[in-house]
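> Sharing a structure, written as structure tokens. Questions coming.
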Amino acid sequence: MPDRSYLSWPFFEADHRAFAERIGEWSGAHCRADERSEYEAVAAYARELGSAGFLESLRTLDVRTICLTREALAYNDALADFAFAMQGLGSAPVSLFGTDGQRASLLDGIVAGTTIGAFALSEREAGSDVAATATTARRDGGTYVIDGEKTWISNAGIAGSYIVFARTSPDGAKGLSAFVVPANTAGLSITKQIETISPHPLGTLRFENVVVPAASLIGGEGQGFKIAMATLDVFRATVGAAALGFARRALDETIRHVRERKLFGEPLASMQLTQAAIAEMATRIDAAALLVYRAAWTKDRGAERITREAAMAKWNATETAAYVADRAVQLFGGRGVTRGEIVERIYRDVRALRIYEGASEIQQVVIARSVLG
Ligand code: COS
């Protein structure tokens, strides 16, 4: 049973505490890394999370509930967390900026887990530098025509709907717009599936004369950059929460191991170098959790932007998870690098978190800009 003592922190309401117990129990019973392909696992998790009611928080975007969900799911299986996170990222632009009609047509399926969502922002030459997006959307009467290529797109191939960012005018960040594009739209194809160190559905999308109705535009023309950034502000804090879930599991596995494993006639836990490692893992996890839940609480209290808080939370928590996973592998020794061990899997699972939704270096840029003005 994971330690949930942090739920007594003042960031949470009674509802959050009750919810954390529920998602903790559910994920402990339902989420296991297994032999299914990443595509099958994510589709199944989306449906299961939907029918259990755990996707409802994506309508209102209560960030603390989303963080608690990600933490519990990541503690048990990276693909369960991933399935949940992508339902959120693939619908938040509509939840935050969409019309009632867009909400009605996308959100019910997303929240039921019957429509799989995706967020198509990155391009080969525009990952960190979003303003360099080259995919275009040309207005043609009552439609837009989208042309270009998006890559490293999570859920490419299984998504039913993509949120696509494309250029409607040449002027940098101000020329981007966001669209809802159903996966079965003519001219939209998956040109490549990408394999990663910790399997998750990822691929490249090609748009050739993809015609969508003008009603697919989210917000207004030129709002795409701000929509992307505001969505990322919410979800960056939650990436930090997923990192916490992985880190807490790695620490729990390590505590069990160092108590049982004997070395030089004593438990590994009795050695001071082990104790130093455990102390640093536990302290860094608490520090990261404080940053994550500070960001989530700030947003839920009604802050218009949490750009700085979310960047601090994501950067610190994902780097912490990498540190904790590495220490865990070290304390497990030979077992730590053995396929099938939980800490070996977590070591691979946490790597992408320092890259996606804004690399650590981007978070540092965002923080520095905010501090320096
Ligand atoms: N919320 C709302 N608006 C925002 C915002 C946010 N979080 N961040 C920036 N904006 C606004 C700015 O206020 C500015 O508007 P005005 O010109 O009206 O003032 C506009 O957007 C442009 O902002 P900025 O000048 O900061 O843009 P840059 O091109 O310098 O980009 C970074 C800034 C690098 C921070 C941005 O491109 C970024 O976050 N990159 C990483 C993207 C990412 O996460 N990629 C991973 C793909 S998703 S898996």
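Here's how to read the names in the structure tokens: chain A, B, ... by the order shown, residue numbers from 1 in each chain, ligand numbers from 1 in the order shown.
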Around ligand 1, at most 9 Å away and counting only C-alpha atoms and all ligand atoms, which residues are there? Put them as a JSON list (two decimals) with all heavy atoms, in the first residue's frame, please.


[["chain", "number", "residue", "atom", "x", "y", "z"],
["A", 89, "LEU", "N", -4.97, 15.56, -22.79],
["A", 89, "LEU", "CA", -4.29, 16.47, -23.71],
["A", 89, "LEU", "C", -5.06, 16.57, -25.03],
["A", 89, "LEU", "O", -5.11, 17.62, -25.67],
["A", 89, "LEU", "CB", -2.86, 15.93, -23.95],
["A", 89, "LEU", "CG", -1.78, 16.90, -24.32],
["A", 89, "LEU", "CD1", -1.63, 18.03, -23.31],
["A", 89, "LEU", "CD2", -0.45, 16.15, -24.46],
["A", 119, "PHE", "N", -2.97, 14.89, -29.48],
["A", 119, "PHE", "CA", -2.59, 16.31, -29.49],
["A", 119, "PHE", "C", -1.48, 16.43, -30.52],
["A", 119, "PHE", "O", -0.35, 15.97, -30.27],
["A", 119, "PHE", "CB", -2.09, 16.65, -28.09],
["A", 119, "PHE", "CG", -1.76, 18.08, -27.80],
["A", 119, "PHE", "CD1", -2.76, 19.01, -27.54],
["A", 119, "PHE", "CD2", -0.43, 18.50, -27.71],
["A", 119, "PHE", "CE1", -2.44, 20.33, -27.20],
["A", 119, "PHE", "CE2", -0.11, 19.80, -27.37],
["A", 119, "PHE", "CZ", -1.12, 20.72, -27.12],
["A", 120, "ALA", "N", -1.79, 16.96, -31.71],
["A", 120, "ALA", "CA", -0.81, 16.96, -32.79],
["A", 120, "ALA", "C", -0.18, 18.34, -32.92],
["A", 120, "ALA", "O", -0.66, 19.19, -33.67],
["A", 120, "ALA", "CB", -1.48, 16.52, -34.09],
["A", 121, "LEU", "N", 0.90, 18.54, -32.17],
["A", 121, "LEU", "CA", 1.59, 19.83, -32.17],
["A", 121, "LEU", "C", 2.98, 19.70, -32.82],
["A", 121, "LEU", "O", 3.33, 20.45, -33.71],
["A", 121, "LEU", "CB", 1.72, 20.34, -30.72],
["A", 121, "LEU", "CG", 2.48, 21.64, -30.49],
["A", 121, "LEU", "CD1", 1.77, 22.80, -31.17],
["A", 121, "LEU", "CD2", 2.58, 21.95, -28.98],
["A", 122, "SER", "N", 3.77, 18.72, -32.38],
["A", 122, "SER", "CA", 5.19, 18.65, -32.77],
["A", 122, "SER", "C", 5.38, 18.35, -34.25],
["A", 122, "SER", "O", 4.62, 17.59, -34.85],
["A", 122, "SER", "CB", 5.91, 17.56, -31.97],
["A", 122, "SER", "OG", 5.91, 17.89, -30.63],
["A", 123, "GLU", "N", 6.43, 18.95, -34.78],
["A", 123, "GLU", "CA", 6.88, 18.65, -36.14],
["A", 123, "GLU", "C", 8.37, 18.39, -36.06],
["A", 123, "GLU", "O", 9.02, 18.73, -35.06],
["A", 123, "GLU", "CB", 6.60, 19.83, -37.08],
["A", 123, "GLU", "CG", 5.12, 20.16, -37.13],
["A", 123, "GLU", "CD", 4.81, 21.33, -38.08],
["A", 123, "GLU", "OE1", 5.76, 21.87, -38.71],
["A", 123, "GLU", "OE2", 3.63, 21.67, -38.17],
["A", 126, "ALA", "N", 9.84, 21.61, -35.40],
["A", 126, "ALA", "CA", 9.10, 22.48, -34.47],
["A", 126, "ALA", "C", 8.60, 21.64, -33.30],
["A", 126, "ALA", "O", 7.42, 21.29, -33.24],
["A", 126, "ALA", "CB", 7.94, 23.18, -35.19],
["A", 127, "GLY", "N", 9.53, 21.31, -32.40],
["A", 127, "GLY", "CA", 9.17, 20.58, -31.19],
["A", 127, "GLY", "C", 9.20, 21.55, -30.03],
["A", 127, "GLY", "O", 8.17, 21.92, -29.46],
["A", 128, "SER", "N", 10.41, 22.04, -29.73],
["A", 128, "SER", "CA", 10.56, 23.04, -28.67],
["A", 128, "SER", "C", 10.10, 24.41, -29.14],
["A", 128, "SER", "O", 9.54, 25.18, -28.37],
["A", 128, "SER", "CB", 12.03, 23.12, -28.23],
["A", 128, "SER", "OG", 12.39, 21.92, -27.59],
["A", 129, "ASP", "N", 10.38, 24.70, -30.42],
["A", 129, "ASP", "CA", 10.04, 26.03, -30.97],
["A", 129, "ASP", "C", 8.69, 25.96, -31.69],
["A", 129, "ASP", "O", 8.62, 25.82, -32.91],
["A", 129, "ASP", "CB", 11.16, 26.47, -31.94],
["A", 129, "ASP", "CG", 10.92, 27.87, -32.49],
["A", 129, "ASP", "OD1", 9.94, 28.52, -32.06],
["A", 129, "ASP", "OD2", 11.70, 28.29, -33.35],
["A", 130, "VAL", "N", 7.63, 26.07, -30.91],
["A", 130, "VAL", "CA", 6.28, 25.89, -31.46],
["A", 130, "VAL", "C", 5.97, 26.93, -32.54],
["A", 130, "VAL", "O", 5.27, 26.65, -33.52],
["A", 130, "VAL", "CB", 5.23, 25.97, -30.32],
["A", 130, "VAL", "CG1", 3.81, 25.93, -30.85],
["A", 130, "VAL", "CG2", 5.46, 24.84, -29.32],
["A", 131, "ALA", "N", 6.52, 28.14, -32.37],
["A", 131, "ALA", "CA", 6.24, 29.21, -33.34],
["A", 131, "ALA", "C", 6.80, 28.90, -34.72],
["A", 131, "ALA", "O", 6.45, 29.57, -35.70],
["A", 131, "ALA", "CB", 6.80, 30.54, -32.82],
["A", 132, "ALA", "N", 7.65, 27.85, -34.83],
["A", 132, "ALA", "CA", 8.21, 27.47, -36.14],
["A", 132, "ALA", "C", 7.31, 26.46, -36.88],
["A", 132, "ALA", "O", 7.68, 25.98, -37.95],
["A", 132, "ALA", "CB", 9.61, 26.87, -35.96],
["A", 152, "TRP", "N", 6.14, 12.41, -33.78],
["A", 152, "TRP", "CA", 6.15, 12.08, -32.34],
["A", 152, "TRP", "C", 4.76, 12.35, -31.75],
["A", 152, "TRP", "O", 4.64, 12.90, -30.67],
["A", 152, "TRP", "CB", 7.22, 12.88, -31.58],
["A", 152, "TRP", "CG", 8.59, 12.65, -32.10],
["A", 152, "TRP", "CD1", 9.28, 11.46, -32.07],
["A", 152, "TRP", "CD2", 9.45, 13.59, -32.75],
["A", 152, "TRP", "NE1", 10.51, 11.62, -32.66],
["A", 152, "TRP", "CE2", 10.64, 12.92, -33.09],
["A", 152, "TRP", "CE3", 9.33, 14.93, -33.08],
["A", 152, "TRP", "CZ2", 11.69, 13.54, -33.74],
["A", 152, "TRP", "CZ3", 10.38, 15.55, -33.72],
["A", 152, "TRP", "CH2", 11.54, 14.87, -34.05],
["A", 153, "ILE", "N", 3.74, 11.96, -32.50],
["A", 153, "ILE", "CA", 2.37, 12.20, -32.03],
["A", 153, "ILE", "C", 1.88, 10.95, -31.30],
["A", 153, "ILE", "O", 1.75, 9.87, -31.89],
["A", 153, "ILE", "CB", 1.44, 12.56, -33.23],
["A", 153, "ILE", "CG1", 1.98, 13.79, -33.98],
["A", 153, "ILE", "CG2", 0.01, 12.80, -32.72],
["A", 153, "ILE", "CD1", 2.27, 15.01, -33.12],
["A", 154, "SER", "N", 1.61, 11.14, -30.01],
["A", 154, "SER", "CA", 1.11, 10.04, -29.19],
["A", 154, "SER", "C", -0.28, 9.66, -29.66],
["A", 154, "SER", "O", -1.10, 10.53, -29.99],
["A", 154, "SER", "CB", 1.07, 10.47, -27.73],
["A", 154, "SER", "OG", 2.38, 10.67, -27.26],
["A", 172, "GLY", "N", 4.58, 34.08, -37.29],
["A", 172, "GLY", "CA", 5.12, 33.38, -36.12],
["A", 172, "GLY", "C", 4.07, 32.80, -35.20],
["A", 172, "GLY", "O", 3.12, 32.15, -35.65],
["A", 173, "ALA", "N", 4.24, 33.06, -33.88],
["A", 173, "ALA", "CA", 3.33, 32.49, -32.88],
["A", 173, "ALA", "C", 1.89, 32.96, -33.11],
["A", 173, "ALA", "O", 0.94, 32.24, -32.84],
["A", 173, "ALA", "CB", 3.80, 32.87, -31.48],
["A", 174, "LYS", "N", 1.73, 34.18, -33.62],
["A", 174, "LYS", "CA", 0.38, 34.74, -33.78],
["A", 174, "LYS", "C", -0.35, 34.18, -35.01],
["A", 174, "LYS", "O", -1.53, 34.46, -35.22],
["A", 174, "LYS", "CB", 0.45, 36.26, -33.88],
["A", 174, "LYS", "CG", 0.86, 36.90, -32.56],
["A", 174, "LYS", "CD", 0.68, 38.41, -32.61],
["A", 174, "LYS", "CE", 0.91, 39.12, -31.30],
["A", 174, "LYS", "NZ", 1.63, 38.47, -30.23],
["A", 223, "GLN", "N", -5.28, 31.98, -32.54],
["A", 223, "GLN", "CA", -5.28, 31.65, -31.09],
["A", 223, "GLN", "C", -4.51, 30.36, -30.78],
["A", 223, "GLN", "O", -4.37, 29.99, -29.61],
["A", 223, "GLN", "CB", -6.73, 31.48, -30.59],
["A", 223, "GLN", "CG", -7.55, 32.75, -30.63],
["A", 223, "GLN", "CD", -6.95, 33.81, -29.70],
["A", 223, "GLN", "OE1", -6.77, 33.56, -28.52],
["A", 223, "GLN", "NE2", -6.61, 34.96, -30.26],
["A", 225, "PHE", "N", -1.37, 29.26, -30.71],
["A", 225, "PHE", "CA", -0.20, 29.22, -29.82],
["A", 225, "PHE", "C", -0.64, 29.34, -28.38],
["A", 225, "PHE", "O", -0.21, 28.57, -27.51],
["A", 225, "PHE", "CB", 0.77, 30.35, -30.19],
["A", 225, "PHE", "CG", 2.09, 30.27, -29.47],
["A", 225, "PHE", "CD1", 3.17, 29.58, -30.01],
["A", 225, "PHE", "CD2", 2.28, 30.88, -28.24],
["A", 225, "PHE", "CE1", 4.39, 29.50, -29.35],
["A", 225, "PHE", "CE2", 3.48, 30.81, -27.56],
["A", 225, "PHE", "CZ", 4.55, 30.12, -28.13],
["A", 226, "LYS", "N", -1.52, 30.27, -28.10],
["A", 226, "LYS", "CA", -1.98, 30.46, -26.72],
["A", 226, "LYS", "C", -2.77, 29.24, -26.23],
["A", 226, "LYS", "O", -2.67, 28.86, -25.07],
["A", 226, "LYS", "CB", -2.81, 31.74, -26.58],
["A", 226, "LYS", "CG", -1.91, 32.96, -26.66],
["A", 226, "LYS", "CD", -2.63, 34.24, -26.35],
["A", 226, "LYS", "CE", -1.64, 35.40, -26.56],
["A", 226, "LYS", "NZ", -2.16, 36.70, -26.28],
["A", 227, "ILE", "N", -3.56, 28.65, -27.14],
["A", 227, "ILE", "CA", -4.32, 27.45, -26.76],
["A", 227, "ILE", "C", -3.36, 26.33, -26.39],
["A", 227, "ILE", "O", -3.52, 25.65, -25.37],
["A", 227, "ILE", "CB", -5.28, 27.03, -27.91],
["A", 227, "ILE", "CG1", -6.39, 28.07, -28.07],
["A", 227, "ILE", "CG2", -5.84, 25.64, -27.68],
["A", 227, "ILE", "CD1", -7.29, 27.87, -29.28],
["A", 228, "ALA", "N", -2.31, 26.16, -27.22],
["A", 228, "ALA", "CA", -1.31, 25.11, -26.93],
["A", 228, "ALA", "C", -0.65, 25.37, -25.59],
["A", 228, "ALA", "O", -0.51, 24.48, -24.75],
["A", 228, "ALA", "CB", -0.27, 25.03, -28.05],
["A", 229, "MET", "N", -0.24, 26.60, -25.36],
["A", 229, "MET", "CA", 0.49, 26.93, -24.12],
["A", 229, "MET", "C", -0.40, 26.80, -22.89],
["A", 229, "MET", "O", 0.03, 26.29, -21.85],
["A", 229, "MET", "CB", 1.07, 28.35, -24.18],
["A", 229, "MET", "CG", 2.17, 28.50, -25.20],
["A", 229, "MET", "SD", 3.56, 27.42, -24.86],
["A", 229, "MET", "CE", 3.89, 26.79, -26.47],
["A", 230, "ALA", "N", -1.64, 27.24, -23.00],
["A", 230, "ALA", "CA", -2.54, 27.15, -21.84],
["A", 230, "ALA", "C", -2.85, 25.68, -21.52],
["A", 230, "ALA", "O", -2.94, 25.29, -20.35],
["A", 230, "ALA", "CB", -3.83, 27.92, -22.12],
["A", 231, "THR", "N", -2.98, 24.87, -22.57],
["A", 231, "THR", "CA", -3.19, 23.42, -22.35],
["A", 231, "THR", "C", -1.96, 22.82, -21.69],
["A", 231, "THR", "O", -2.06, 22.05, -20.73],
["A", 231, "THR", "CB", -3.46, 22.73, -23.71],
["A", 231, "THR", "OG1", -4.61, 23.34, -24.30],
["A", 231, "THR", "CG2", -3.68, 21.25, -23.54],
["A", 232, "LEU", "N", -0.79, 23.20, -22.20],
["A", 232, "LEU", "CA", 0.44, 22.65, -21.63],
["A", 232, "LEU", "C", 0.65, 23.11, -20.19],
["A", 232, "LEU", "O", 1.17, 22.36, -19.36],
["A", 232, "LEU", "CB", 1.65, 23.02, -22.51],
["A", 232, "LEU", "CG", 1.69, 22.25, -23.85],
["A", 232, "LEU", "CD1", 2.75, 22.85, -24.78],
["A", 232, "LEU", "CD2", 1.97, 20.77, -23.63],
["A", 233, "ASP", "N", 0.23, 24.33, -19.87],
["A", 233, "ASP", "CA", 0.35, 24.78, -18.47],
["A", 233, "ASP", "C", -0.35, 23.79, -17.53],
["A", 233, "ASP", "O", 0.18, 23.44, -16.48],
["A", 233, "ASP", "CB", -0.29, 26.16, -18.28],
["A", 233, "ASP", "CG", 0.63, 27.29, -18.70],
["A", 233, "ASP", "OD1", 1.80, 27.02, -19.03],
["A", 233, "ASP", "OD2", 0.16, 28.45, -18.71],
["A", 236, "ARG", "N", 1.50, 20.14, -17.96],
["A", 236, "ARG", "CA", 2.87, 20.03, -17.45],
["A", 236, "ARG", "C", 2.87, 19.74, -15.95],
["A", 236, "ARG", "O", 3.69, 18.96, -15.47],
["A", 236, "ARG", "CB", 3.65, 21.32, -17.74],
["A", 236, "ARG", "CG", 4.11, 21.38, -19.18],
["A", 236, "ARG", "CD", 4.76, 22.70, -19.52],
["A", 236, "ARG", "NE", 5.18, 22.70, -20.92],
["A", 236, "ARG", "CZ", 5.52, 23.78, -21.60],
["A", 236, "ARG", "NH1", 5.48, 24.97, -21.01],
["A", 236, "ARG", "NH2", 5.88, 23.69, -22.85],
["A", 304, "GLU", "N", -5.33, 32.60, -13.51],
["A", 304, "GLU", "CA", -5.48, 32.58, -14.95],
["A", 304, "GLU", "C", -4.35, 31.79, -15.62],
["A", 304, "GLU", "O", -4.56, 31.00, -16.52],
["A", 304, "GLU", "CB", -5.51, 34.00, -15.50],
["A", 304, "GLU", "CG", -6.11, 34.05, -16.88],
["A", 304, "GLU", "CD", -6.16, 35.46, -17.38],
["A", 304, "GLU", "OE1", -6.50, 36.36, -16.59],
["A", 304, "GLU", "OE2", -5.82, 35.65, -18.56],
["A", 305, "ARG", "N", -3.13, 32.00, -15.12],
["A", 305, "ARG", "CA", -1.98, 31.27, -15.67],
["A", 305, "ARG", "C", -1.15, 30.67, -14.54],
["A", 305, "ARG", "O", -0.99, 31.29, -13.50],
["A", 305, "ARG", "CB", -1.10, 32.21, -16.50],
["A", 305, "ARG", "CG", -1.62, 32.36, -17.92],
["A", 305, "ARG", "CD", -0.79, 33.31, -18.73],
["A", 305, "ARG", "NE", 0.56, 32.83, -18.99],
["A", 305, "ARG", "CZ", 1.37, 33.41, -19.87],
["A", 305, "ARG", "NH1", 0.98, 34.45, -20.56],
["A", 305, "ARG", "NH2", 2.59, 32.94, -20.07],
["A", 306, "ILE", "N", -0.61, 29.46, -14.78],
["A", 306, "ILE", "CA", 0.32, 28.86, -13.81],
["A", 306, "ILE", "C", 1.61, 28.48, -14.54],
["A", 306, "ILE", "O", 2.23, 27.48, -14.23],
["A", 306, "ILE", "CB", -0.29, 27.63, -13.10],
["A", 306, "ILE", "CG1", -0.84, 26.61, -14.11],
["A", 306, "ILE", "CG2", -1.34, 28.05, -12.09],
["A", 306, "ILE", "CD1", -1.02, 25.22, -13.52],
["A", 307, "THR", "N", 1.97, 29.29, -15.52],
["A", 307, "THR", "CA", 3.10, 28.96, -16.38],
["A", 307, "THR", "C", 4.37, 28.68, -15.55],
["A", 307, "THR", "O", 5.03, 27.66, -15.75],
["A", 307, "THR", "CB", 3.35, 30.13, -17.35],
["A", 307, "THR", "OG1", 2.10, 30.42, -18.00],
["A", 307, "THR", "CG2", 4.39, 29.78, -18.38],
["A", 308, "ARG", "N", 4.67, 29.58, -14.63],
["A", 308, "ARG", "CA", 5.90, 29.43, -13.84],
["A", 308, "ARG", "C", 5.80, 28.25, -12.87],
["A", 308, "ARG", "O", 6.71, 27.43, -12.78],
["A", 308, "ARG", "CB", 6.12, 30.72, -13.07],
["A", 308, "ARG", "CG", 7.24, 30.70, -12.07],
["A", 308, "ARG", "CD", 7.36, 32.12, -11.54],
["A", 308, "ARG", "NE", 8.18, 32.26, -10.39],
["A", 308, "ARG", "CZ", 8.66, 33.45, -9.98],
["A", 308, "ARG", "NH1", 8.36, 34.54, -10.64],
["A", 308, "ARG", "NH2", 9.41, 33.54, -8.92],
["A", 355, "ILE", "N", 11.44, 15.03, -21.63],
["A", 355, "ILE", "CA", 11.48, 15.54, -23.01],
["A", 355, "ILE", "C", 10.10, 16.02, -23.46],
["A", 355, "ILE", "O", 9.96, 17.13, -23.98],
["A", 355, "ILE", "CB", 12.02, 14.45, -23.97],
["A", 355, "ILE", "CG1", 13.47, 14.11, -23.57],
["A", 355, "ILE", "CG2", 11.94, 14.91, -25.42],
["A", 355, "ILE", "CD1", 14.05, 12.92, -24.28],
["A", 356, "TYR", "N", 9.07, 15.18, -23.24],
["A", 356, "TYR", "CA", 7.78, 15.57, -23.84],
["A", 356, "TYR", "C", 7.07, 16.68, -23.06],
["A", 356, "TYR", "O", 7.39, 16.92, -21.90],
["A", 356, "TYR", "CB", 6.88, 14.35, -24.10],
["A", 356, "TYR", "CG", 6.23, 13.65, -22.94],
["A", 356, "TYR", "CD1", 5.37, 14.29, -22.07],
["A", 356, "TYR", "CD2", 6.43, 12.28, -22.76],
["A", 356, "TYR", "CE1", 4.74, 13.62, -21.03],
["A", 356, "TYR", "CE2", 5.81, 11.59, -21.71],
["A", 356, "TYR", "CZ", 4.97, 12.27, -20.86],
["A", 356, "TYR", "OH", 4.35, 11.61, -19.84],
["A", 357, "GLU", "N", 6.18, 17.37, -23.76],
["A", 357, "GLU", "CA", 5.45, 18.54, -23.22],
["A", 357, "GLU", "C", 6.39, 19.63, -22.71],
["A", 357, "GLU", "O", 6.11, 20.31, -21.72],
["A", 357, "GLU", "CB", 4.45, 18.11, -22.14],
["A", 357, "GLU", "CG", 3.31, 17.32, -22.75],
["A", 357, "GLU", "CD", 2.25, 16.90, -21.77],
["A", 357, "GLU", "OE1", 1.91, 17.71, -20.90],
["A", 357, "GLU", "OE2", 1.77, 15.76, -21.88],
["A", 358, "GLY", "N", 7.50, 19.79, -23.42],
["A", 358, "GLY", "CA", 8.48, 20.81, -23.06],
["A", 358, "GLY", "C", 9.62, 20.17, -22.28],
["A", 358, "GLY", "O", 9.45, 19.77, -21.14],
["A", 359, "ALA", "N", 10.78, 20.07, -22.95],
["A", 359, "ALA", "CA", 11.96, 19.46, -22.33],
["A", 359, "ALA", "C", 12.37, 20.24, -21.08],
["A", 359, "ALA", "O", 11.99, 21.40, -20.91],
["A", 359, "ALA", "CB", 13.10, 19.44, -23.34],
["A", 362, "ILE", "N", 13.50, 23.65, -21.76],
["A", 362, "ILE", "CA", 12.43, 24.62, -22.05],
["A", 362, "ILE", "C", 11.82, 25.11, -20.75],
["A", 362, "ILE", "O", 11.53, 26.31, -20.58],
["A", 362, "ILE", "CB", 11.35, 23.99, -22.96],
["A", 362, "ILE", "CG1", 11.91, 23.74, -24.36],
["A", 362, "ILE", "CG2", 10.08, 24.85, -23.02],
["A", 362, "ILE", "CD1", 12.21, 24.98, -25.17],
["A", 363, "GLN", "N", 11.63, 24.20, -19.79],
["A", 363, "GLN", "CA", 11.06, 24.62, -18.50],
["A", 363, "GLN", "C", 11.99, 25.63, -17.84],
["A", 363, "GLN", "O", 11.54, 26.61, -17.24],
["A", 363, "GLN", "CB", 10.82, 23.43, -17.56],
["A", 363, "GLN", "CG", 10.03, 22.27, -18.16],
["A", 363, "GLN", "CD", 8.74, 22.67, -18.84],
["A", 363, "GLN", "OE1", 8.07, 23.62, -18.42],
["A", 363, "GLN", "NE2", 8.38, 21.96, -19.90],
["A", 365, "VAL", "N", 13.99, 27.69, -19.37],
["A", 365, "VAL", "CA", 13.83, 28.96, -20.10],
["A", 365, "VAL", "C", 12.58, 29.68, -19.61],
["A", 365, "VAL", "O", 12.60, 30.89, -19.33],
["A", 365, "VAL", "CB", 13.74, 28.69, -21.63],
["A", 365, "VAL", "CG1", 13.25, 29.93, -22.37],
["A", 365, "VAL", "CG2", 15.08, 28.22, -22.19],
["A", 366, "VAL", "N", 11.48, 28.93, -19.47],
["A", 366, "VAL", "CA", 10.21, 29.54, -19.05],
["A", 366, "VAL", "C", 10.37, 30.13, -17.64],
["A", 366, "VAL", "O", 9.93, 31.26, -17.37],
["A", 366, "VAL", "CB", 9.08, 28.47, -19.08],
["A", 366, "VAL", "CG1", 7.82, 28.98, -18.39],
["A", 366, "VAL", "CG2", 8.78, 28.05, -20.51],
["A", 369, "ARG", "N", 12.65, 33.26, -17.72],
["A", 369, "ARG", "CA", 11.94, 34.43, -18.28],
["A", 369, "ARG", "C", 11.01, 35.03, -17.25],
["A", 369, "ARG", "O", 10.89, 36.25, -17.13],
["A", 369, "ARG", "CB", 11.11, 34.01, -19.49],
["A", 369, "ARG", "CG", 11.90, 33.86, -20.76],
["A", 369, "ARG", "CD", 10.90, 33.57, -21.85],
["A", 369, "ARG", "NE", 11.56, 33.28, -23.11],
["A", 369, "ARG", "CZ", 10.90, 33.03, -24.25],
["A", 369, "ARG", "NH1", 9.59, 33.02, -24.26],
["A", 369, "ARG", "NH2", 11.56, 32.79, -25.34]]

> So that I can check the surroundings of Arg103 of chain A, please list as an mmCIF file with C-alpha atoms, in the first residue's frame every protein, DNA and RNA residue that reaches within 9 Å of it, counting only C-alpha atoms and ignoring chain neighbours fewer than 5 positions away.


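Now in selection_15.cif:
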data_model
loop_
_atom_site.group_PDB
_atom_site.id
_atom_site.type_symbol
_atom_site.label_atom_id
_atom_site.label_comp_id
_atom_site.auth_asym_id
_atom_site.auth_seq_id
_atom_site.Cartn_x
_atom_site.Cartn_y
_atom_site.Cartn_z
ATOM 1 C CA ARG A 59 -14.508 17.960 -18.364
ATOM 2 C CA SER A 91 -9.494 17.208 -25.321
ATOM 3 C CA VAL A 94 -11.782 22.015 -26.515
ATOM 4 C CA SER A 95 -12.659 21.944 -22.787
ATOM 5 C CA GLY A 98 -14.143 25.145 -27.552
ATOM 6 C CA ASP A 108 -18.689 12.703 -24.339
#

> Run DSSP on the backbone and tell me which residues of segment 12-199 of chain A come out as helix (DSSP H, G or I); list them as a ChimeraX atom specification.

/A:14-30,38-51,57-60,63-76,78-89,92-97,100-112,130-132,172-175

> Could you name the residues that touch segment 199-207 of chain A at 8 Å or less, counting only C-alpha atoms, but leaving out those on the same chain fewer than 4 positions away, as a ChimeraX atom specification?

/A:38-39,42,79,82,146-157,187-195

> Which residue out of A:Gly240, A:Glu71, A:Ser161, A:Glu56 has the minimum interatomic distance to Ala20 of chain A when only C-alpha atoms are used?

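For Ala20 of chain A, the nearest of the candidates is A:Glu71.
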
> In Å, with one decimal, what is the gap from atom CA of Met86 of chain A to atom CA of Val164 of chain A?

13.9 Å

> Let me make sure I understand: among A:Gly50, A:Cys67, A:Phe179, A:Ala72, which one has the smallest atom-to-atom distance to Thr115 of chain A if we use only C-alpha atoms?

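Among the listed residues, the smallest separation from Thr115 of chain A belongs to A:Gly50.
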
> So how many Å separate atom CA of Ala112 of chain A and atom CA of Ala296 of chain A, to one decimal?

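Interatomic distance here is 24.0 Å.
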
> Name all residues at most 10 Å from Thr69 of chain A (count only C-alpha atoms; drop same-chain ones fewer than 2 positions away) and give them as a PyMOL selection string.

chain A and resi 19-20+22-24+27+54-55+57+63-67+71-75+80-81+84-85+238+241-242+245

> Just checking: using only C-alpha atoms, which residue out of A:Val329, A:Ala368, A:Ile342, A:Leu58 ends up closest to Asp34 of chain A?

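Looking at the shortest contact to Asp34 of chain A, the residue is A:Ile342.
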
> For Gln330 of chain A, find every residue with an atom within 12 Å (counting only C-alpha atoms), except residues of its own chain fewer than 3 positions away, and show them as a ChimeraX atom specification.

/A:250-251,254,257-258,273-274,277-278,323-327,333-338,343-344,347

> Which one is closest to Asp3 of chain A: A:Val145, A:Met312, A:Ala166, A:Ile285? Count only C-alpha atoms.

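Of the candidates, the smallest distance to Asp3 of chain A is held by A:Ile285.
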
> For Glu21 of chain A, work out the shell of residues within 10 Å, counting only C-alpha atoms and skipping chain neighbours fewer than 6 positions away, then give it as a PDB file with N, CA and C atoms, in the first residue's frame.


ATOM      1  N   ARG A   4       0.240   7.439   1.624  1.00  0.00           N
ATOM      2  CA  ARG A   4      -0.584   8.557   1.146  1.00  0.00           C
ATOM      3  C   ARG A   4      -0.652   9.661   2.192  1.00  0.00           C
ATOM      4  N   LEU A   7      -1.600  13.346   1.625  1.00  0.00           N
ATOM      5  CA  LEU A   7      -2.977  13.818   1.414  1.00  0.00           C
ATOM      6  C   LEU A   7      -3.459  14.710   2.554  1.00  0.00           C
ATOM      7  N   LEU A  68      -3.759  13.555  -9.011  1.00  0.00           N
ATOM      8  CA  LEU A  68      -3.904  12.363  -8.154  1.00  0.00           C
ATOM      9  C   LEU A  68      -4.127  11.123  -9.014  1.00  0.00           C
ATOM     10  N   ALA A  72      -1.496   7.874  -9.232  1.00  0.00           N
ATOM     11  CA  ALA A  72      -1.915   6.507  -8.895  1.00  0.00           C
ATOM     12  C   ALA A  72      -1.708   5.568 -10.082  1.00  0.00           C
TER      13      ALA A  72
END

> Tell me, in Å to one decimal, how far atom CA of Arg284 of chain A is from atom CA of Thr298 of chain A.

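A separation of 21.2 Å between them.
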